[in-house]
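*Asks:* Okay, so here is protein.cif, and as you'll see once you scroll down, it has mmCIF, C-alpha atoms and all ligand atoms.
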data_upload
#
loop_
_atom_site.label_atom_id
_atom_site.label_comp_id
_atom_site.auth_asym_id
_atom_site.auth_seq_id
_atom_site.Cartn_x
_atom_site.Cartn_y
_atom_site.Cartn_z
CA MET Y 1 -170.94 77.99 62.92
CA LYS Y 2 -174.48 76.78 63.47
CA GLU Y 3 -175.70 73.74 61.53
CA TYR Y 4 -178.23 75.65 59.42
CA GLU Y 5 -175.57 78.20 58.42
CA ARG Y 6 -173.48 75.35 57.04
CA THR Y 7 -176.26 73.46 55.24
CA GLY Y 8 -178.80 76.21 54.50
CA VAL Y 9 -181.49 73.97 55.98
CA ILE Y 10 -182.78 74.07 59.52
CA SER Y 11 -182.55 70.72 61.26
CA ILE Y 12 -185.04 69.22 63.70
CA GLU Y 13 -182.47 69.58 66.50
CA GLU Y 14 -182.62 73.36 66.04
CA ILE Y 15 -186.41 73.51 66.51
CA ARG Y 16 -188.42 73.46 69.75
CA VAL Y 17 -190.69 70.49 69.17
CA PRO Y 18 -194.02 70.72 71.05
CA SER Y 19 -195.26 67.84 73.18
CA GLU Y 20 -197.71 65.30 71.75
CA GLU Y 21 -200.52 66.88 73.78
CA GLN Y 22 -199.70 70.33 72.45
CA LEU Y 23 -199.52 68.99 68.91
CA LYS Y 24 -202.93 67.37 69.32
CA ARG Y 25 -204.40 70.81 70.07
CA GLY Y 26 -202.57 72.36 67.10
CA VAL Y 27 -199.74 74.85 67.55
CA ALA Y 28 -197.55 77.21 65.58
CA ILE Y 29 -193.96 76.13 65.15
CA THR Y 30 -191.58 78.95 64.29
CA GLU Y 31 -188.66 77.63 62.29
CA CYS Y 32 -186.97 81.00 62.58
CA ILE Y 33 -183.63 80.90 64.31
CA GLN Y 34 -181.62 83.56 62.55
CA GLU Y 35 -181.13 86.70 64.62
CA ILE Y 36 -182.70 89.31 62.37
CA PRO Y 37 -184.75 92.41 63.21
CA CYS Y 38 -188.27 91.15 62.51
CA ASN Y 39 -191.43 90.76 64.57
CA PRO Y 40 -194.73 90.78 62.61
CA CYS Y 41 -195.52 87.38 64.10
CA VAL Y 42 -195.52 88.89 67.60
CA ASP Y 43 -197.92 91.65 66.61
CA ALA Y 44 -200.22 89.30 64.67
CA CYS Y 45 -200.92 86.91 67.51
CA PRO Y 46 -204.35 87.61 69.04
CA VAL Y 47 -203.52 85.81 72.29
CA ASN Y 48 -199.97 87.10 72.82
CA ALA Y 49 -198.50 83.64 72.52
CA ILE Y 50 -195.34 84.83 70.77
CA SER Y 51 -192.64 86.74 72.58
CA MET Y 52 -189.10 87.91 71.91
CA GLU Y 53 -186.35 89.07 74.20
CA ASP Y 54 -185.61 91.87 71.75
CA ILE Y 55 -186.30 92.66 68.08
CA ASN Y 56 -183.32 90.56 66.95
CA SER Y 57 -184.17 87.49 69.02
CA PRO Y 58 -185.82 84.43 67.56
CA PRO Y 59 -189.53 84.24 68.43
CA PHE Y 60 -190.64 82.05 71.31
CA VAL Y 61 -194.11 80.47 71.10
CA ASP Y 62 -195.93 79.61 74.30
CA TYR Y 63 -197.36 76.30 73.07
CA ASP Y 64 -199.88 76.18 75.91
CA ARG Y 65 -201.32 79.56 74.97
CA CYS Y 66 -201.23 79.14 71.18
CA THR Y 67 -204.60 78.29 69.61
CA GLY Y 68 -203.20 77.29 66.22
CA CYS Y 69 -205.07 80.08 64.42
CA ALA Y 70 -202.20 80.57 61.93
CA GLN Y 71 -202.48 84.36 61.84
CA CYS Y 72 -198.76 84.56 62.53
CA ALA Y 73 -197.97 82.25 59.62
CA ALA Y 74 -199.91 84.47 57.22
CA VAL Y 75 -197.78 87.53 57.97
CA CYS Y 76 -194.33 85.96 58.36
CA PRO Y 77 -192.10 87.36 55.59
CA GLY Y 78 -189.65 84.52 56.11
CA LEU Y 79 -192.29 81.82 55.44
CA ALA Y 80 -190.97 80.32 58.64
CA ILE Y 81 -194.12 79.48 60.60
CA PHE Y 82 -196.08 76.24 60.32
CA VAL Y 83 -199.11 75.09 62.26
CA VAL Y 84 -199.11 71.40 63.05
CA LYS Y 85 -202.10 69.51 64.45
CA LEU Y 86 -202.10 65.80 65.11
CA GLU Y 87 -205.22 63.79 64.39
CA ASP Y 88 -205.76 60.08 65.00
CA GLU Y 89 -203.98 58.79 61.91
CA SER Y 90 -202.85 61.89 60.14
CA ALA Y 91 -201.31 65.26 60.77
CA LEU Y 92 -202.65 68.56 59.51
CA ILE Y 93 -199.90 70.92 58.42
CA THR Y 94 -200.69 74.53 57.59
CA LEU Y 95 -197.87 76.01 55.57
CA PRO Y 96 -197.19 79.27 53.72
CA TYR Y 97 -197.30 78.87 49.94
CA GLU Y 98 -196.28 81.52 47.40
CA PHE Y 99 -196.15 79.56 44.15
CA LEU Y 100 -198.76 79.43 41.43
CA PRO Y 101 -201.03 77.72 40.74
CA LEU Y 102 -202.45 77.49 44.21
CA PRO Y 103 -203.65 73.97 44.95
CA GLU Y 104 -207.34 73.35 45.45
CA LYS Y 105 -209.20 71.75 48.31
CA GLY Y 106 -209.31 67.98 47.88
CA GLU Y 107 -206.34 67.88 45.50
CA GLU Y 108 -203.54 65.36 46.00
CA VAL Y 109 -200.10 66.97 46.05
CA GLU Y 110 -196.60 65.81 46.82
CA ALA Y 111 -195.41 66.39 50.38
CA LEU Y 112 -191.88 67.82 50.60
CA ASP Y 113 -189.46 67.98 53.50
CA ARG Y 114 -187.29 70.97 54.46
CA GLU Y 115 -184.81 70.10 51.73
CA GLY Y 116 -187.52 69.89 49.07
CA ARG Y 117 -187.42 66.11 48.83
CA GLY Y 118 -190.62 64.24 48.20
CA VAL Y 119 -191.58 62.24 51.27
CA GLY Y 120 -195.11 61.12 50.45
CA LYS Y 121 -198.51 62.31 49.38
CA ALA Y 122 -200.61 65.03 50.94
CA ILE Y 123 -204.27 65.93 50.52
CA VAL Y 124 -205.18 69.60 50.48
CA ARG Y 125 -207.78 70.35 53.15
CA ARG Y 126 -207.92 74.13 53.03
CA VAL Y 127 -206.54 77.07 51.08
CA VAL Y 128 -206.74 80.58 52.51
CA LYS Y 129 -205.61 83.60 50.52
CA LYS Y 130 -206.26 87.01 51.96
CA LYS Y 131 -205.29 90.24 50.27
CA ASP Y 132 -201.63 91.16 50.92
CA ASN Y 133 -201.00 87.99 52.93
CA THR Y 134 -199.20 84.84 51.91
CA ALA Y 135 -201.55 81.99 51.02
CA LEU Y 136 -201.87 79.34 53.69
CA VAL Y 137 -202.40 75.77 52.56
CA THR Y 138 -203.48 73.09 55.02
CA VAL Y 139 -202.66 69.53 54.02
CA SER Y 140 -203.12 66.20 55.72
CA VAL Y 141 -200.19 63.82 55.71
CA ASP Y 142 -199.22 60.60 57.41
CA ARG Y 143 -199.01 61.29 61.15
CA LYS Y 144 -195.39 60.21 61.35
CA LEU Y 145 -194.46 62.99 58.90
CA ALA Y 146 -195.83 65.77 61.11
CA MET Y 147 -192.42 67.23 61.86
CA ASP Y 148 -190.98 66.56 58.40
CA VAL Y 149 -193.39 67.99 55.82
CA ARG Y 150 -192.83 71.70 55.31
CA ASN Y 151 -193.74 72.30 51.67
CA ILE Y 152 -195.77 70.81 48.85
CA ARG Y 153 -195.48 70.38 45.10
CA VAL Y 154 -198.61 70.78 42.98
CA LEU Y 155 -198.68 67.92 40.50
CA ARG Y 156 -200.60 69.46 37.57
S1 LIG M 201 -201.06 80.23 65.62
FE1 LIG M 201 -202.33 81.95 66.33
S2 LIG M 201 -202.34 81.75 68.55
FE2 LIG M 201 -200.62 80.49 67.79
S3 LIG M 201 -198.84 81.81 67.88
FE3 LIG M 201 -199.69 82.00 65.81
S4 LIG M 201 -201.09 83.78 65.90
FE4 LIG M 201 -200.65 83.13 68.01
S1 LIG M 202 -192.32 87.08 61.39
FE1 LIG M 202 -191.35 85.16 60.70
S2 LIG M 202 -189.26 85.75 60.10
FE2 LIG M 202 -190.09 87.41 61.37
S3 LIG M 202 -189.44 86.89 63.48
FE3 LIG M 202 -191.50 86.03 63.20
S4 LIG M 202 -191.11 83.91 62.56
FE4 LIG M 202 -189.19 85.03 62.23
#
Would you mind writing the structure in this file as structure tokens?
Ligand code: SF4
Ligand code: SF4

*Replies:*
Amino acid sequence: MKEYERTGVISIEEIRVPSEEQLKRGVAITECIQEIPCNPCVDACPVNAISMEDINSPPFVDYDRCTGCAQCAAVCPGLAIFVVKLEDESALITLPYEFLPLPEKGEEVEALDREGRGVGKAIVRRVVKKKDNTALVTVSVDRKLAMDVRNIRVLR
């Protein structure tokens, strides 16, 4: 049995972590490892950076081709795609968010890890909600939390 099947939470060892250089450019990280028939992320990518061996395979992102546009994250029904971009002292994380109320730009929220534990504060930098797509919220967090923060809690 795989680790995530036992715990219900994907672990960092089960994710392909991009290099520091790739993270500085900003790339999509697919935390999708279950073999299910699904591929909207492949079709959404404007630069063909996502591939699959077959419809049941986990997606593979070419981190050198990915531009970090987040179009794949907006259509992923599994809420399993995150765009991470490293800055000098912080990391920008774009994550899918389906709760209400939506946070607002400039708002301070709680940063949560994959298990929903609070790991620090995050500042909302951008909120994008397009018709029929999941909202995408971009937050800035401490740089060392780039590969940990995968959700937020609105504090109002
Ligand atoms: S972030 Fe944009 S360029 Fe990168 S894989 Fe997703 S859709 Fe493609
Ligand atoms: S759209 Fe999301 S759930 Fe479906 S294969 Fe792509 S990453 Fe996985």

*Asks:* Neighbouring residues of ligand LIG 202 (chain M) are defined here as those with any atom at most 10 Å from a ligand atom, counting only C-alpha atoms and all ligand atoms; list them as a compact mmCIF listing (two decimals) with C-alpha atoms, in the coordinates of the input.

*Replies:*
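Final output, saved to out01.txt:
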# COMPACT_ATOMS: atom_id res chain seq x y z
CA ALA Y 28 -197.55 77.21 65.58
CA ILE Y 29 -193.96 76.13 65.15
CA THR Y 30 -191.58 78.95 64.29
CA GLU Y 31 -188.66 77.63 62.29
CA CYS Y 32 -186.97 81.00 62.58
CA ILE Y 33 -183.63 80.90 64.31
CA GLN Y 34 -181.62 83.56 62.55
CA GLU Y 35 -181.13 86.70 64.62
CA ILE Y 36 -182.70 89.31 62.37
CA PRO Y 37 -184.75 92.41 63.21
CA CYS Y 38 -188.27 91.15 62.51
CA ASN Y 39 -191.43 90.76 64.57
CA PRO Y 40 -194.73 90.78 62.61
CA CYS Y 41 -195.52 87.38 64.10
CA VAL Y 42 -195.52 88.89 67.60
CA ASP Y 43 -197.92 91.65 66.61
CA ALA Y 44 -200.22 89.30 64.67
CA ILE Y 50 -195.34 84.83 70.77
CA SER Y 51 -192.64 86.74 72.58
CA MET Y 52 -189.10 87.91 71.91
CA ILE Y 55 -186.30 92.66 68.08
CA ASN Y 56 -183.32 90.56 66.95
CA SER Y 57 -184.17 87.49 69.02
CA PRO Y 58 -185.82 84.43 67.56
CA PRO Y 59 -189.53 84.24 68.43
CA PHE Y 60 -190.64 82.05 71.31
CA VAL Y 61 -194.11 80.47 71.10
CA CYS Y 72 -198.76 84.56 62.53
CA ALA Y 73 -197.97 82.25 59.62
CA ALA Y 74 -199.91 84.47 57.22
CA VAL Y 75 -197.78 87.53 57.97
CA CYS Y 76 -194.33 85.96 58.36
CA PRO Y 77 -192.10 87.36 55.59
CA GLY Y 78 -189.65 84.52 56.11
CA LEU Y 79 -192.29 81.82 55.44
CA ALA Y 80 -190.97 80.32 58.64
CA ILE Y 81 -194.12 79.48 60.60
CA PHE Y 82 -196.08 76.24 60.32

*Asks:* May I have the protein, DNA and RNA residues with any atom at most 8 Å from the point (-209.8, 71.4, 48.2), counting only C-alpha atoms, written as a count of residues only?

*Replies:* 9

*Asks:* Just the number, please: distance in Å from atom CA of Lys131 of chain Y to atom CA of Val109 of chain Y, one decimal.

*Replies:* 24.2 Å

*Asks:* Between Y:Arg153, Y:Ala122, Y:Thr94, Y:Met147, which has the minimum distance to Glu13 of chain Y (counting only C-alpha atoms)?

*Replies:* Y:Met147

*Asks:* What does the distance from atom CA of Arg65 of chain Y to atom CA of Val17 of chain Y come to in Å, to one decimal?

*Replies:*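 Atom-to-atom, atom CA of Arg65 of chain Y and atom CA of Val17 of chain Y are spaced 15.1 Å apart.
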
*Asks:* Could you name the residues that touch Leu102 of chain Y at 9 Å or less, counting only C-alpha atoms, but leaving out those on the same chain fewer than 3 positions away, as a compact mmCIF listing (two decimals) with C-alpha atoms, in the frame of the given file?

*Replies:*
# COMPACT_ATOMS: atom_id res chain seq x y z
CA TYR Y 97 -197.30 78.87 49.94
CA GLU Y 98 -196.28 81.52 47.40
CA PHE Y 99 -196.15 79.56 44.15
CA VAL Y 127 -206.54 77.07 51.08
CA ALA Y 135 -201.55 81.99 51.02
CA VAL Y 137 -202.40 75.77 52.56
CA VAL Y 154 -198.61 70.78 42.98

*Asks:* Draw an axis-aligned box tight on the listed atoms of segment 78-91 of chain Y, then pad every side by 6 Å and write out centre and edge lengths in Å to one decimal as AutoDock Vina command-line options.

*Replies:*
--center_x -197.7 --center_y 71.7 --center_z 60.3 --size_x 28.1 --size_y 37.7 --size_z 21.7

*Asks:* Which one is closest to ligand LIG 201 (chain M): Y:Ile123, Y:Asp148, Y:Gly68, Y:Ser90? Count all atoms listed in the file.

*Replies:*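 Among the listed residues, Y:Gly68 lies closest to ligand LIG 201 (chain M).
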
*Asks:* Pick the closest to ligand LIG 201 (chain M) from Y:Gly26, Y:Gly8, Y:Pro18, Y:Pro101: which is it, counting all atoms listed in the file?

*Replies:*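 The closest residue to ligand LIG 201 (chain M) is Y:Gly26.
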
*Asks:* Restricting the calculation to all atoms listed in the file: of Y:Lys144, Y:Arg25, Y:Lys129, Y:Arg150, which residue gets closest to ligand LIG 201 (chain M)?

*Replies:* Y:Arg25

*Asks:* Looking at Y:Gly120, Y:Gln22, Y:Glu14, Y:Pro46, which one is nearest to Tyr63 of chain Y, with distances taken over all atoms listed in the file?

*Replies:* Y:Gln22

*Asks:* To one decimal place, how far is atom CA of Glu5 of chain Y from atom CA of Glu20 of chain Y in Å?

*Replies:*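 Rounded to one decimal, the two atoms are 28.9 Å apart.
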
*Asks:* Which residue, Y:Leu155, Y:Thr67, Y:Asp113, Y:Leu95, has the smallest gap to Val139 of chain Y when you use all atoms listed in the file?

*Replies:*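 Smallest distance to Val139 of chain Y is found for Y:Leu95.
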